[in-house]
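Structure first, commentary second.
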Amino acid sequence: MVTPAPPGLSRPAFRVALIFALVGAAWILFSDRAVEFLFDEAAATHIAQSVKGIAFVLVTAALIYWLTLRSLHDVRDDLTAKQLSDTQDLLEAIRGNLGDAIFISDGRNRTIEYCNAAVTDMFGYTAAELVGMSSELLHVDRESFERFGRDCEPALNRDGVYRCQYQLRRKNGEAFHAEVTVSNAHEHLGWQAGIVVIVHDITNRVQAHEALRQSEQT
């Protein structure tokens, strides 16, 4: 029973075998004709055949070595590409299932370009409803939206990141407390080239803290 070749190796192996067969056949045909043409005596012909055989072994060994290296490089590149793809898929799955809402926005006009699945649970909007919209939609009012921008932009210019606690608004109009982290999407291009926004709902924490404060006052 022949063991199947591992995925990704069958094609390189077939290519090596095919090239080896073609080179070997061409070598035999042309070298035999060359020996017949150059040598007449039997002894000389015998020596020439021996030299031809040794040369064939050396040439084919070098050819196999080169082809094998080429094939291994191809396989390595294919595996690397697949690993990168798998890693990206894994990161996307992790990013999509985090409890924190994640946005990627245009830095200039603060238009939402991407959001993960957690946004729906936190804000009540689907990705289709948010992508292409201004992030003002997530703020409690216009003044809050503009104030956030005024506070955020200097910090991004200075440090590349801005963290704060802020009130945001769900689709149903309910305001909630959030920890917001904003960072430059492209470190060397500045915030105008795009920003990443991570929103963590801290409503329960704030309510618990407020309840504790009130209980201490009574």
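Labeling convention for the structure tokens: chains A, B, ... as they appear, residues from 1 per chain, ligands from 1 in order of appearance.
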>> When DSSP is applied to the backbone of this structure, which of segment 158-199 of chain A are assigned helix (DSSP H, G or I)? Write them out as a ChimeraX atom specification.
In response: /A:158-159,191-193
> segment 182-186 of chain A: which residues within 10 Å, counting only C-alpha atoms, same-chain residues fewer than 3 positions away excluded, as a ChimeraX atom specification?
Replying inline: /A:102-107,152-153,155-157,159-164,189-199
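Atom CA of Gln214 of chain A sits 23.9 Å away from atom CA of Leu168 of chain A.
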